[in-house]
>>> print(open('query-v9.csv').read())   # CSV, C-alpha atoms (C1' of nucleotides)
chain,number,residue,atom,x,y,z
A,7,MET,CA,0.0,0.0,0.0
A,8,VAL,CA,2.8,2.4,0.8
A,9,GLN,CA,4.3,1.1,-2.5
A,10,LEU,CA,1.2,1.8,-4.4
A,11,ALA,CA,1.1,5.3,-3.0
A,12,GLY,CA,4.7,5.8,-3.9
A,13,GLU,CA,4.1,4.9,-7.5
A,14,LEU,CA,1.3,7.4,-7.7
A,15,PHE,CA,3.3,10.1,-5.9
A,16,ALA,CA,6.2,9.6,-8.3
A,17,GLN,CA,3.9,9.6,-11.4
A,18,LYS,CA,1.7,12.6,-10.6
A,19,GLY,CA,3.6,14.3,-7.9
A,20,TYR,CA,2.8,14.1,-4.2
A,21,ARG,CA,0.6,17.1,-4.0
A,22,ALA,CA,-1.3,16.3,-7.2
A,23,THR,CA,-2.1,12.8,-5.9
A,24,THR,CA,-5.3,12.5,-3.9
A,25,VAL,CA,-6.0,10.1,-1.2
A,26,ARG,CA,-9.0,8.9,-3.2
A,27,GLU,CA,-6.6,7.9,-6.0
A,28,ILE,CA,-4.5,6.0,-3.6
A,29,ALA,CA,-7.5,4.2,-2.2
A,30,ASP,CA,-8.7,3.5,-5.7
A,31,ALA,CA,-5.4,1.9,-6.6
A,32,ALA,CA,-5.7,-0.2,-3.5
A,33,GLY,CA,-9.2,-1.3,-4.3
A,34,ILE,CA,-10.8,0.4,-1.3
A,35,LEU,CA,-12.6,3.7,-0.6
A,36,SER,CA,-10.8,6.7,0.7
A,37,GLY,CA,-12.3,6.6,4.2
A,38,SER,CA,-10.9,3.1,4.6
A,39,LEU,CA,-7.4,4.4,4.0
A,40,TYR,CA,-7.4,6.1,7.4
A,41,HIS,CA,-7.7,2.7,9.1
A,42,HIS,CA,-4.1,2.1,7.9
A,43,PHE,CA,-2.6,5.6,8.0
A,44,ASP,CA,-3.0,8.7,10.1
A,45,SER,CA,-2.7,11.0,7.2
A,46,LYS,CA,-1.4,11.4,3.7
A,47,GLU,CA,1.7,13.1,5.2
A,48,SER,CA,2.6,10.0,7.2
A,49,ILE,CA,2.6,7.9,4.0
A,50,GLY,CA,4.9,10.4,2.4
A,51,ASP,CA,7.1,10.4,5.5
A,52,GLU,CA,7.5,6.7,5.4
A,53,ILE,CA,8.6,6.7,1.8
A,54,LEU,CA,11.0,9.6,2.1
A,55,SER,CA,12.6,8.8,5.4
A,56,GLY,CA,13.3,5.2,4.2
A,57,PHE,CA,15.0,6.6,1.2
A,58,ILE,CA,17.1,9.2,3.0
A,59,ASN,CA,18.3,6.7,5.5
A,60,ASP,CA,19.6,4.3,2.8
A,61,VAL,CA,21.3,7.1,0.9
A,62,LEU,CA,23.1,8.4,4.0
A,63,ALA,CA,24.2,4.9,4.8
A,64,ASP,CA,25.8,4.7,1.3
A,65,TYR,CA,27.7,7.9,1.8
A,66,ARG,CA,28.9,7.0,5.3
A,67,ALA,CA,30.1,3.6,4.1
A,68,ALA,CA,32.0,5.1,1.2
A,69,ALA,CA,33.6,7.7,3.4
A,70,ASP,CA,34.6,5.1,5.9
A,71,SER,CA,36.2,2.8,3.3
A,72,GLY,CA,39.3,4.9,3.5
A,73,GLY,CA,39.9,4.8,-0.2
A,74,SER,CA,41.3,7.5,-2.4
A,75,PRO,CA,39.1,10.4,-3.3
A,76,ARG,CA,38.4,8.9,-6.7
A,77,ASP,CA,37.6,5.6,-5.2
A,78,VAL,CA,35.3,7.1,-2.6
A,79,LEU,CA,33.4,9.0,-5.3
A,80,ALA,CA,33.3,6.0,-7.5
A,81,GLN,CA,31.9,4.0,-4.7
A,82,ILE,CA,29.3,6.7,-3.9
A,83,VAL,CA,28.2,6.7,-7.6
A,84,ARG,CA,28.0,2.9,-7.7
A,85,SER,CA,26.2,2.3,-4.5
A,86,THR,CA,23.8,5.2,-4.6
A,87,SER,CA,22.9,4.4,-8.2
A,88,HIS,CA,21.3,1.2,-6.9
A,89,THR,CA,19.8,2.8,-3.9
A,90,LEU,CA,18.3,5.5,-6.0
A,91,ALA,CA,17.0,3.0,-8.4
A,92,ARG,CA,15.4,1.0,-5.5
A,93,HIS,CA,13.8,4.2,-4.2
A,94,ARG,CA,12.9,5.8,-7.5
A,95,PRO,CA,9.5,6.9,-6.3
A,96,ALA,CA,11.0,8.7,-3.3
A,97,LEU,CA,13.5,10.5,-5.5
A,98,ALA,CA,10.9,11.5,-7.9
A,99,MET,CA,8.9,12.9,-5.1
A,100,LEU,CA,11.8,15.0,-3.9
A,101,GLN,CA,12.5,16.3,-7.4
A,102,ASN,CA,8.9,17.1,-8.1
A,103,ASP,CA,7.7,18.5,-4.8
A,104,TRP,CA,10.9,19.6,-3.1
A,105,SER,CA,9.5,23.2,-2.8
A,106,TYR,CA,6.7,21.7,-0.8
A,107,PHE,CA,8.5,19.2,1.4
A,108,SER,CA,11.3,21.6,2.2
A,109,GLY,CA,8.9,24.0,3.7
A,110,GLN,CA,7.1,21.5,5.9
A,111,PRO,CA,8.4,21.1,9.5
A,112,ARG,CA,7.8,17.4,9.4
A,113,PHE,CA,10.2,17.0,6.5
A,114,GLY,CA,13.0,19.1,8.0
A,115,TYR,CA,15.3,16.1,8.1
A,116,LEU,CA,15.5,16.3,4.3
A,117,ARG,CA,17.4,19.5,4.4
A,118,LYS,CA,19.8,18.2,7.0
A,119,ALA,CA,20.4,15.1,4.9
A,120,LEU,CA,21.2,17.1,1.8
A,121,GLY,CA,23.7,19.1,3.8
A,122,GLU,CA,25.5,16.0,4.9
A,123,ILE,CA,25.6,14.8,1.3
A,124,GLU,CA,27.1,18.0,0.1
A,125,ARG,CA,29.8,17.9,2.7
A,126,ALA,CA,30.7,14.4,1.7
A,127,TRP,CA,31.2,15.4,-1.9
A,128,VAL,CA,33.1,18.6,-1.2
A,129,THR,CA,35.4,16.8,1.2
A,130,GLN,CA,36.4,14.2,-1.4
A,131,LEU,CA,36.7,16.7,-4.2
A,132,GLU,CA,39.0,18.9,-2.2
A,133,ARG,CA,41.0,15.9,-1.0
A,134,GLY,CA,41.5,14.9,-4.6
A,135,GLN,CA,42.6,18.4,-5.6
A,136,ALA,CA,45.1,18.5,-2.7
A,137,GLU,CA,46.5,15.2,-3.9
A,138,GLY,CA,46.6,16.5,-7.5
A,139,VAL,CA,44.3,13.9,-9.0
A,140,PHE,CA,41.5,16.2,-9.7
A,141,ARG,CA,41.8,19.4,-11.7
A,142,ALA,CA,42.9,22.2,-9.5
A,143,ASP,CA,40.6,24.7,-11.3
A,144,LEU,CA,37.4,23.0,-10.3
A,145,ASP,CA,35.1,24.8,-7.8
A,146,ALA,CA,34.3,22.0,-5.4
A,147,ARG,CA,30.9,23.1,-4.4
A,148,LEU,CA,29.9,23.9,-7.9
A,149,THR,CA,31.2,20.6,-9.2
A,150,TYR,CA,29.3,18.8,-6.5
A,151,ARG,CA,26.0,20.5,-7.5
A,152,LEU,CA,26.5,19.5,-11.1
A,153,LEU,CA,27.5,16.0,-10.3
A,154,ARG,CA,24.8,15.3,-7.7
A,155,ASP,CA,22.2,16.5,-10.0
A,156,VAL,CA,23.4,14.4,-12.9
A,157,LEU,CA,23.7,11.4,-10.6
A,158,TRP,CA,20.3,11.7,-9.1
A,159,ILE,CA,18.2,12.6,-12.0
A,160,PRO,CA,18.5,9.6,-14.3
A,161,SER,CA,17.1,7.5,-11.5
A,162,GLN,CA,13.9,9.4,-11.9
A,163,TRP,CA,13.5,8.3,-15.4
A,164,ARG,CA,11.3,5.2,-15.6
A,165,LEU,CA,13.4,2.1,-15.3
A,166,ALA,CA,12.0,1.4,-18.7
A,167,GLU,CA,13.7,4.1,-20.8
A,168,GLY,CA,15.7,1.1,-21.9
A,169,TYR,CA,18.8,1.5,-19.7
A,170,THR,CA,19.8,-0.6,-16.7
A,171,THR,CA,21.0,1.0,-13.5
A,172,ASP,CA,24.5,-0.1,-14.2
A,173,GLN,CA,24.5,1.2,-17.7
A,174,VAL,CA,23.6,4.6,-16.4
A,175,ALA,CA,26.1,4.5,-13.7
A,176,ASP,CA,28.9,3.4,-16.1
A,177,ALA,CA,28.0,6.1,-18.6
A,178,LEU,CA,28.0,8.6,-15.8
A,179,MET,CA,31.3,7.6,-14.3
A,180,ARG,CA,33.0,7.7,-17.7
A,181,LEU,CA,31.5,11.1,-18.3
A,182,VAL,CA,32.5,12.4,-15.0
A,183,PHE,CA,36.1,11.1,-15.0
A,184,GLU,CA,36.9,11.4,-18.7
A,185,GLY,CA,34.5,13.8,-20.3
A,186,ILE,CA,33.1,13.1,-23.7
A,187,THR,CA,36.2,14.1,-25.7
A,188,ALA,CA,37.9,11.1,-27.4
A,189,PRO,CA,41.3,10.2,-25.9
A,190,ALA,CA,44.1,11.9,-27.8
A,191,ARG,CA,44.4,9.1,-30.3
A,192,SER,CA,46.4,6.5,-28.5
A,193,ALA,CA,45.3,3.1,-29.6
A,194,GLU,CA,42.4,2.2,-27.4
A,195,PRO,CA,40.2,-1.0,-27.6
A,196,GLN,CA,36.5,-0.4,-28.2
B,556,MET,CA,2.5,41.1,-12.8
B,557,VAL,CA,3.4,38.1,-14.9
B,558,GLN,CA,6.9,38.5,-13.5
B,559,LEU,CA,5.6,38.6,-10.0
B,560,ALA,CA,3.6,35.4,-10.6
B,561,GLY,CA,6.6,33.8,-12.2
B,562,GLU,CA,8.7,34.4,-9.1
B,563,LEU,CA,6.1,32.9,-6.9
B,564,PHE,CA,5.6,29.9,-9.2
B,565,ALA,CA,9.3,29.3,-9.2
B,566,GLN,CA,9.6,29.6,-5.5
B,567,LYS,CA,6.6,27.6,-4.3
B,568,GLY,CA,5.7,25.6,-7.4
B,569,TYR,CA,2.9,26.4,-9.8
B,570,ARG,CA,0.2,24.3,-8.2
B,571,ALA,CA,1.2,25.3,-4.7
B,572,THR,CA,0.9,29.0,-5.5
B,573,THR,CA,-2.6,30.5,-5.1
B,574,VAL,CA,-4.1,33.3,-7.0
B,575,ARG,CA,-4.6,35.1,-3.7
B,576,GLU,CA,-0.8,35.0,-3.2
B,577,ILE,CA,-0.2,36.5,-6.6
B,578,ALA,CA,-2.8,39.2,-6.0
B,579,ASP,CA,-1.2,39.9,-2.6
B,580,ALA,CA,2.2,40.3,-4.2
B,581,ALA,CA,0.7,42.7,-6.7
B,582,GLY,CA,-1.1,44.7,-3.9
B,583,ILE,CA,-4.6,43.9,-5.0
B,584,LEU,CA,-7.3,41.4,-4.1
B,585,SER,CA,-7.7,38.1,-5.8
B,586,GLY,CA,-10.9,39.1,-7.5
B,587,SER,CA,-9.2,42.0,-9.2
B,588,LEU,CA,-6.6,39.7,-10.8
B,589,TYR,CA,-9.3,38.4,-13.2
B,590,HIS,CA,-9.5,41.9,-14.7
B,591,HIS,CA,-6.0,41.2,-16.1
B,592,PHE,CA,-6.1,37.5,-16.8
B,593,ASP,CA,-8.6,34.9,-17.8
B,594,SER,CA,-7.2,32.3,-15.5
B,595,LYS,CA,-4.2,31.1,-13.5
B,596,GLU,CA,-3.5,28.8,-16.4
B,597,SER,CA,-3.1,31.6,-18.9
B,598,ILE,CA,-0.5,33.2,-16.7
B,599,GLY,CA,1.4,30.0,-16.6
B,600,ASP,CA,1.1,29.7,-20.4
B,601,GLU,CA,2.5,33.1,-21.0
B,602,ILE,CA,5.5,32.4,-18.9
B,603,LEU,CA,6.2,28.9,-20.3
B,604,SER,CA,5.6,29.6,-24.0
B,605,GLY,CA,7.9,32.6,-23.9
B,606,PHE,CA,10.6,30.5,-22.4
B,607,ILE,CA,10.2,27.6,-24.8
B,608,ASN,CA,10.3,29.8,-27.8
B,609,ASP,CA,13.6,31.4,-26.8
B,610,VAL,CA,15.2,28.0,-26.1
B,611,LEU,CA,14.1,26.6,-29.4
B,612,ALA,CA,15.5,29.7,-31.1
B,613,ASP,CA,18.9,29.0,-29.4
B,614,TYR,CA,19.0,25.4,-30.6
B,615,ARG,CA,18.0,26.3,-34.2
B,616,ALA,CA,20.6,29.0,-34.4
B,617,ALA,CA,23.3,26.7,-33.1
B,618,ALA,CA,22.4,24.0,-35.6
B,619,ASP,CA,22.3,26.5,-38.4
B,620,SER,CA,25.7,27.8,-37.6
B,621,GLY,CA,27.2,25.0,-39.5
B,622,GLY,CA,30.0,24.4,-37.0
B,623,SER,CA,31.6,21.2,-35.9
B,624,PRO,CA,29.6,19.0,-33.5
B,625,ARG,CA,31.7,20.3,-30.6
B,626,ASP,CA,31.2,23.9,-31.7
B,627,VAL,CA,27.5,23.4,-32.0
B,628,LEU,CA,27.2,21.8,-28.6
B,629,ALA,CA,29.4,24.5,-27.1
B,630,GLN,CA,27.2,27.2,-28.6
B,631,ILE,CA,24.1,25.5,-27.3
B,632,VAL,CA,25.6,25.3,-23.8
B,633,ARG,CA,26.6,29.0,-24.0
B,634,SER,CA,23.5,30.5,-25.5
B,635,THR,CA,21.0,28.4,-23.5
B,636,SER,CA,22.9,29.1,-20.3
B,637,HIS,CA,21.9,32.7,-20.7
B,638,THR,CA,18.4,32.0,-21.9
B,639,LEU,CA,17.8,29.6,-19.0
B,640,ALA,CA,19.1,32.3,-16.6
B,641,ARG,CA,16.8,34.9,-18.0
B,642,HIS,CA,13.9,32.5,-17.8
B,643,ARG,CA,14.8,30.9,-14.5
B,644,PRO,CA,11.2,31.0,-13.2
B,645,ALA,CA,9.9,29.2,-16.2
B,646,LEU,CA,12.5,26.5,-15.9
B,647,ALA,CA,11.9,26.1,-12.2
B,648,MET,CA,8.2,25.7,-13.1
B,649,LEU,CA,9.0,22.9,-15.6
B,650,GLN,CA,11.2,21.1,-13.1
B,651,ASN,CA,8.8,21.3,-10.2
B,652,ASP,CA,5.5,20.8,-11.9
B,653,TRP,CA,6.4,18.9,-15.1
B,654,SER,CA,4.1,16.0,-14.1
B,655,TYR,CA,1.3,18.5,-14.0
B,656,PHE,CA,2.0,20.5,-17.1
B,657,SER,CA,2.8,17.4,-19.2
B,658,GLY,CA,-0.7,16.1,-18.6
B,659,GLN,CA,-2.5,19.3,-19.5
B,660,PRO,CA,-3.7,19.6,-23.1
B,661,ARG,CA,-3.0,23.3,-23.1
B,662,PHE,CA,0.6,22.7,-22.4
B,663,GLY,CA,1.1,20.0,-25.0
B,664,TYR,CA,3.6,22.1,-26.9
B,665,LEU,CA,6.1,21.5,-24.0
B,666,ARG,CA,6.4,17.8,-25.0
B,667,LYS,CA,7.0,18.7,-28.6
B,668,ALA,CA,9.7,21.2,-27.7
B,669,LEU,CA,11.5,18.7,-25.6
B,670,GLY,CA,11.4,16.3,-28.5
B,671,GLU,CA,13.1,18.8,-30.8
B,672,ILE,CA,15.7,19.5,-28.2
B,673,GLU,CA,16.6,15.9,-27.8
B,674,ARG,CA,16.9,15.4,-31.6
B,675,ALA,CA,19.3,18.4,-31.7
B,676,TRP,CA,21.6,16.9,-29.1
B,677,VAL,CA,21.5,13.4,-30.5
B,678,THR,CA,22.3,14.6,-34.0
B,679,GLN,CA,25.4,16.5,-32.9
B,680,LEU,CA,26.6,13.7,-30.6
B,681,GLU,CA,26.3,11.1,-33.4
B,682,ARG,CA,28.0,13.4,-35.9
B,683,GLY,CA,30.8,13.9,-33.5
B,684,GLN,CA,31.2,10.2,-33.0
B,685,ALA,CA,31.2,9.6,-36.8
B,686,GLU,CA,34.0,12.1,-37.1
B,687,GLY,CA,35.9,10.5,-34.3
B,688,VAL,CA,35.9,13.5,-32.0
B,689,PHE,CA,33.6,12.1,-29.4
B,690,ARG,CA,34.1,8.7,-27.7
B,691,ALA,CA,32.6,6.0,-29.8
B,692,ASP,CA,31.3,4.1,-26.8
B,693,LEU,CA,28.9,6.9,-25.7
B,694,ASP,CA,25.2,6.1,-26.0
B,695,ALA,CA,24.0,9.3,-27.7
B,696,ARG,CA,20.6,9.4,-26.2
B,697,LEU,CA,21.8,8.5,-22.7
B,698,THR,CA,24.5,11.1,-22.9
B,699,TYR,CA,22.0,13.7,-24.0
B,700,ARG,CA,19.8,13.0,-21.0
B,701,LEU,CA,22.6,13.4,-18.6
B,702,LEU,CA,23.9,16.5,-20.3
B,703,ARG,CA,20.6,18.2,-20.7
B,704,ASP,CA,19.8,17.7,-17.1
B,705,VAL,CA,23.1,18.9,-15.9
B,706,LEU,CA,22.8,21.9,-18.1
B,707,TRP,CA,19.2,22.8,-17.2
B,708,ILE,CA,19.3,22.3,-13.5
B,709,PRO,CA,21.9,24.8,-12.3
B,710,SER,CA,19.8,27.5,-13.8
B,711,GLN,CA,17.2,26.6,-11.3
B,712,TRP,CA,19.4,27.5,-8.4
B,713,ARG,CA,18.8,31.0,-7.3
B,714,LEU,CA,21.1,33.4,-9.1
B,715,ALA,CA,22.4,34.0,-5.7
B,716,GLU,CA,24.1,30.8,-4.8
B,717,GLY,CA,27.1,32.9,-5.6
B,718,TYR,CA,27.9,31.8,-9.1
B,719,THR,CA,27.4,33.8,-12.3
B,720,THR,CA,25.8,32.3,-15.3
B,721,ASP,CA,29.1,32.2,-17.1
B,722,GLN,CA,30.9,30.6,-14.2
B,723,VAL,CA,28.4,27.8,-14.3
B,724,ALA,CA,28.5,27.4,-18.1
B,725,ASP,CA,32.3,27.3,-18.0
B,726,ALA,CA,32.5,24.7,-15.2
B,727,LEU,CA,29.9,22.7,-17.1
B,728,MET,CA,31.8,22.8,-20.4
B,729,ARG,CA,35.0,21.8,-18.8
B,730,LEU,CA,33.3,19.0,-17.0
B,731,VAL,CA,31.6,17.8,-20.1
B,732,PHE,CA,34.6,18.0,-22.4
B,733,GLU,CA,37.4,17.0,-20.1
B,734,GLY,CA,36.0,15.3,-17.0
B,735,ILE,CA,37.3,16.0,-13.5
B,736,THR,CA,40.4,14.0,-13.9
B,737,ALA,CA,43.6,16.0,-13.9
B,738,PRO,CA,45.4,16.0,-17.3
B,739,ALA,CA,48.2,13.3,-17.3
B,740,ARG,CA,50.8,15.6,-15.9
B,741,SER,CA,51.9,17.6,-18.9
B,742,ALA,CA,52.9,21.1,-17.8
B,743,GLU,CA,49.7,23.1,-17.7
B,744,PRO,CA,49.2,26.6,-16.5
B,745,GLN,CA,46.9,27.1,-13.6
C,910,DG,C1',-9.5,48.7,-12.1
C,911,DT,C1',-10.5,47.5,-7.7
C,912,DC,C1',-13.6,46.2,-4.2
C,913,DT,C1',-17.0,43.0,-1.5
C,914,DA,C1',-19.3,39.4,-1.7
C,915,DT,C1',-20.2,34.5,-3.0
C,916,DA,C1',-20.7,30.4,-6.0
C,917,DT,C1',-18.5,26.1,-6.9
C,918,DC,C1',-15.6,22.5,-6.5
C,919,DG,C1',-12.2,19.2,-4.9
C,920,DA,C1',-9.3,18.0,-1.2
C,921,DG,C1',-8.1,15.8,3.4
C,922,DA,C1',-10.1,13.9,7.1
C,923,DT,C1',-13.8,12.0,10.6
C,924,DA,C1',-18.0,9.3,12.6
C,925,DG,C1',-20.4,5.5,13.0
C,926,DA,C1',-23.0,1.5,10.8
C,927,DC,C1',-22.0,-3.1,9.1
D,480,DG,C1',-11.4,-3.6,7.7
D,481,DT,C1',-14.4,-1.5,4.7
D,482,DC,C1',-18.5,1.0,3.9
D,483,DT,C1',-21.6,5.4,3.6
D,484,DA,C1',-22.1,9.9,4.7
D,485,DT,C1',-20.5,14.1,5.9
D,486,DC,C1',-17.6,17.9,7.8
D,487,DT,C1',-14.3,21.5,6.9
D,488,DC,C1',-11.3,24.0,4.5
D,489,DG,C1',-9.0,26.3,0.9
D,490,DA,C1',-8.8,27.0,-4.0
D,491,DT,C1',-10.4,29.0,-8.6
D,492,DA,C1',-13.4,31.8,-10.5
D,493,DT,C1',-17.6,35.0,-11.0
D,494,DA,C1',-21.1,39.0,-10.2
D,495,DG,C1',-22.1,43.3,-9.5
D,496,DA,C1',-21.4,47.6,-6.7
D,497,DC,C1',-18.2,51.6,-6.4
>>> encode(input="query-v9.csv", output="structure tokens")
Amino acid sequence: MVQLAGELFAQKGYRATTVREIADAAGILSGSLYHHFDSKESIGDEILSGFINDVLADYRAAADSGGSPRDVLAQIVRSTSHTLARHRPALAMLQNDWSYFSGQPRFGYLRKALGEIERAWVTQLERGQAEGVFRADLDARLTYRLLRDVLWIPSQWRLAEGYTTDQVADALMRLVFEGITAPARSAEPQ
Amino acid sequence: MVQLAGELFAQKGYRATTVREIADAAGILSGSLYHHFDSKESIGDEILSGFINDVLADYRAAADSGGSPRDVLAQIVRSTSHTLARHRPALAMLQNDWSYFSGQPRFGYLRKALGEIERAWVTQLERGQAEGVFRADLDARLTYRLLRDVLWIPSQWRLAEGYTTDQVADALMRLVFEGITAPARSAEPQ
DNA sequence: GTCTATATCGAGATAGAC
DNA sequence: GTCTATCTCGATATAGAC
């Protein structure tokens, strides 16, 4: 039932989805929904907090792995790609209705979580610059914003645009680490 | 007045913004708004169609310039960066309430425009691959999705996250063309 | 061109029978 | 655990006075 609601929220947006539609999808009437849930808000909370907790766990695990900056970032990309895919509805909700959730006291933990995520990226990017493996002319925070967005957004596409989670993650990592420019013509296997 | 509404739509989302709030911001009462506009929808339409027309003009100009694939893409990034910045509210509306607009008959032109934009990117990416200047292993459509998103999204950030439009566009182009990896230690000026 | 109403509608949520 | 019925509220939009 939470899952049904999540699909609807992802599809039409959280605010645009009515409790009547959720009840319809579950094959009951709207009044009956309130036997299972306090409110529409609590359904949203269950979906979003579960998502956020999993994402933060990914970031903490990557940071604690003690790898090089590039390894930590690669691990973040890899592990969150799967977490984001598993929680696609939650992510879609955040993308679509962020302006709503971010203003609701009950969902204040979302802002905190994003802050932690930003700090994780910036830390690794700056470490990488200090060690000379990332371009010194990158603005760490700006780069984080670009990368986080490009990492998060594809997960919002329907699984069924024809790409697997790993395909997207691979394309993304290659893009991020190498750019789209072809290597300067050393012999490279396809 | 359209501009006032646009700011509110961008800030709180189109659906979440009430006509009373728009009227408030304009210093009149909600009833008086309808002397100036048919409906809330027509305000949204004015904002969005103006945006879409400008963006499409950028893409057509870039394609007609007859440059190399890399030049065409660079021109798209540069010109749309400014267009997106000028129309930040419209873009925010699309990001936040896409699920709503895309389902409304009146806003059907939005889907068509996105289709044209996708074709423009894919065409240039494939041309670049054919000419050997872009990595042959890139999936053109997938790459387009990643790049379009990363190009559009920063424009949604408030102008005031401390970056200028050009800073963002530069960071983006460097990221896209080179990746974040430091060049393999040839002497390079900082 | 703005005001004071007010009509209308759809939303979240509740009460109590079954 | 689901139903019917209904409450309440806030939103878009309208009508007509000033």
>>> residues_around(input="query-v9.csv", residues="range 914-920 of chain C", least_positions_apart="5", cutoff="12 Å", atoms="all atoms listed in the file", output="ChimeraX atom specification")
/A:21-27,36,46 /B:586 /D:487-496
>>> write_last_selection(input="query-v9.csv", atoms="C-alpha atoms (C1' of nucleotides)", output="short mmCIF file (atom, residue, chain, number, x, y, z; two decimals), in the frame of the given file")
data_model
loop_
_atom_site.label_atom_id
_atom_site.label_comp_id
_atom_site.auth_asym_id
_atom_site.auth_seq_id
_atom_site.Cartn_x
_atom_site.Cartn_y
_atom_site.Cartn_z
CA ARG A 21 0.60 17.10 -4.00
CA ALA A 22 -1.30 16.30 -7.20
CA THR A 23 -2.10 12.80 -5.90
CA THR A 24 -5.30 12.50 -3.90
CA VAL A 25 -6.00 10.10 -1.20
CA ARG A 26 -9.00 8.90 -3.20
CA GLU A 27 -6.60 7.90 -6.00
CA SER A 36 -10.80 6.70 0.70
CA LYS A 46 -1.40 11.40 3.70
CA GLY B 586 -10.90 39.10 -7.50
"C1'" DT D 487 -14.30 21.50 6.90
"C1'" DC D 488 -11.30 24.00 4.50
"C1'" DG D 489 -9.00 26.30 0.90
"C1'" DA D 490 -8.80 27.00 -4.00
"C1'" DT D 491 -10.40 29.00 -8.60
"C1'" DA D 492 -13.40 31.80 -10.50
"C1'" DT D 493 -17.60 35.00 -11.00
"C1'" DA D 494 -21.10 39.00 -10.20
"C1'" DG D 495 -22.10 43.30 -9.50
"C1'" DA D 496 -21.40 47.60 -6.70
#
>>> interface_residues(input="query-v9.csv", of="chain C", to="chain B", cutoff="10 Å", atoms="only C-alpha atoms (C1' of nucleotides)", output="PDB file with C-alpha atoms (C1' of nucleotides), in the frame of the given file")
ATOM      1  C1'  DG C 910      -9.500  48.700 -12.100  1.00  0.00           C
ATOM      2  C1'  DT C 911     -10.500  47.500  -7.700  1.00  0.00           C
ATOM      3  C1'  DC C 912     -13.600  46.200  -4.200  1.00  0.00           C
ATOM      4  C1'  DT C 913     -17.000  43.000  -1.500  1.00  0.00           C
TER       5       DT C 913
END
>>> closest_residue(input="query-v9.csv", among="B:Arg696, B:His637, B:Arg666, B:Arg690", to="chain A", atoms="all atoms listed in the file")
B:Arg690
>>> atom_distance(input="query-v9.csv", atom1="CA of Val557 in chain B", atom2="CA of Trp653 in chain B")
19.4 Å
>>> residues_around(input="query-v9.csv", residues="DT485 in chain D", least_positions_apart="5", cutoff="12 Å", atoms="only C-alpha atoms (C1' of nucleotides)", output="ChimeraX atom specification")
/A:37 /C:922-925
>>> residues_around(input="query-v9.csv", residues="Ser105 in chain A", least_positions_apart="4", cutoff="9 Å", atoms="all atoms listed in the file", output="JSON, numbers by chain")
{"A": [100, 101, 109], "B": [565, 566, 567, 568, 571, 651]}
>>> residues_around(input="query-v9.csv", residues="Ala616 in chain B", least_positions_apart="3", cutoff="10 Å", atoms="only C-alpha atoms (C1' of nucleotides)", output="MDAnalysis selection string")
chainID B and resid 610:613 619:621 627 630:631 634
>>> write_last_selection(input="query-v9.csv", atoms="C-alpha atoms", output="JSON list (two decimals), in the frame of the given file")
[["chain", "number", "residue", "atom", "x", "y", "z"],
["B", 610, "VAL", "CA", 15.20, 28.00, -26.10],
["B", 611, "LEU", "CA", 14.10, 26.60, -29.40],
["B", 612, "ALA", "CA", 15.50, 29.70, -31.10],
["B", 613, "ASP", "CA", 18.90, 29.00, -29.40],
["B", 619, "ASP", "CA", 22.30, 26.50, -38.40],
["B", 620, "SER", "CA", 25.70, 27.80, -37.60],
["B", 621, "GLY", "CA", 27.20, 25.00, -39.50],
["B", 627, "VAL", "CA", 27.50, 23.40, -32.00],
["B", 630, "GLN", "CA", 27.20, 27.20, -28.60],
["B", 631, "ILE", "CA", 24.10, 25.50, -27.30],
["B", 634, "SER", "CA", 23.50, 30.50, -25.50]]
>>> residues_around(input="query-v9.csv", residues="DA926 in chain C", least_positions_apart="2", cutoff="12 Å", atoms="all atoms listed in the file", output="PyMOL selection string")
(chain C and resi 924) or (chain D and resi 481-484)
>>> interface_residues(input="query-v9.csv", of="chain A", to="chain B", cutoff="8 Å", atoms="all atoms listed in the file", output="ChimeraX atom specification")
/A:17-19,22,101-106,138-145,148-149,151-153,155-156,159-160,174,177-178,181-189,196
>>> atom_distance(input="query-v9.csv", atom1="CA of Leu559 in chain B", atom2="CA of Ile577 in chain B")
7.0 Å
>>> atom_distance(input="query-v9.csv", atom1="CA of Ala617 in chain B", atom2="CA of Ser161 in chain A")
29.6 Å
>>> closest_residue(input="query-v9.csv", among="B:Phe662, B:Tyr569, B:Asp593, B:Gly561", to="chain D", atoms="only C-alpha atoms (C1' of nucleotides)")
B:Asp593
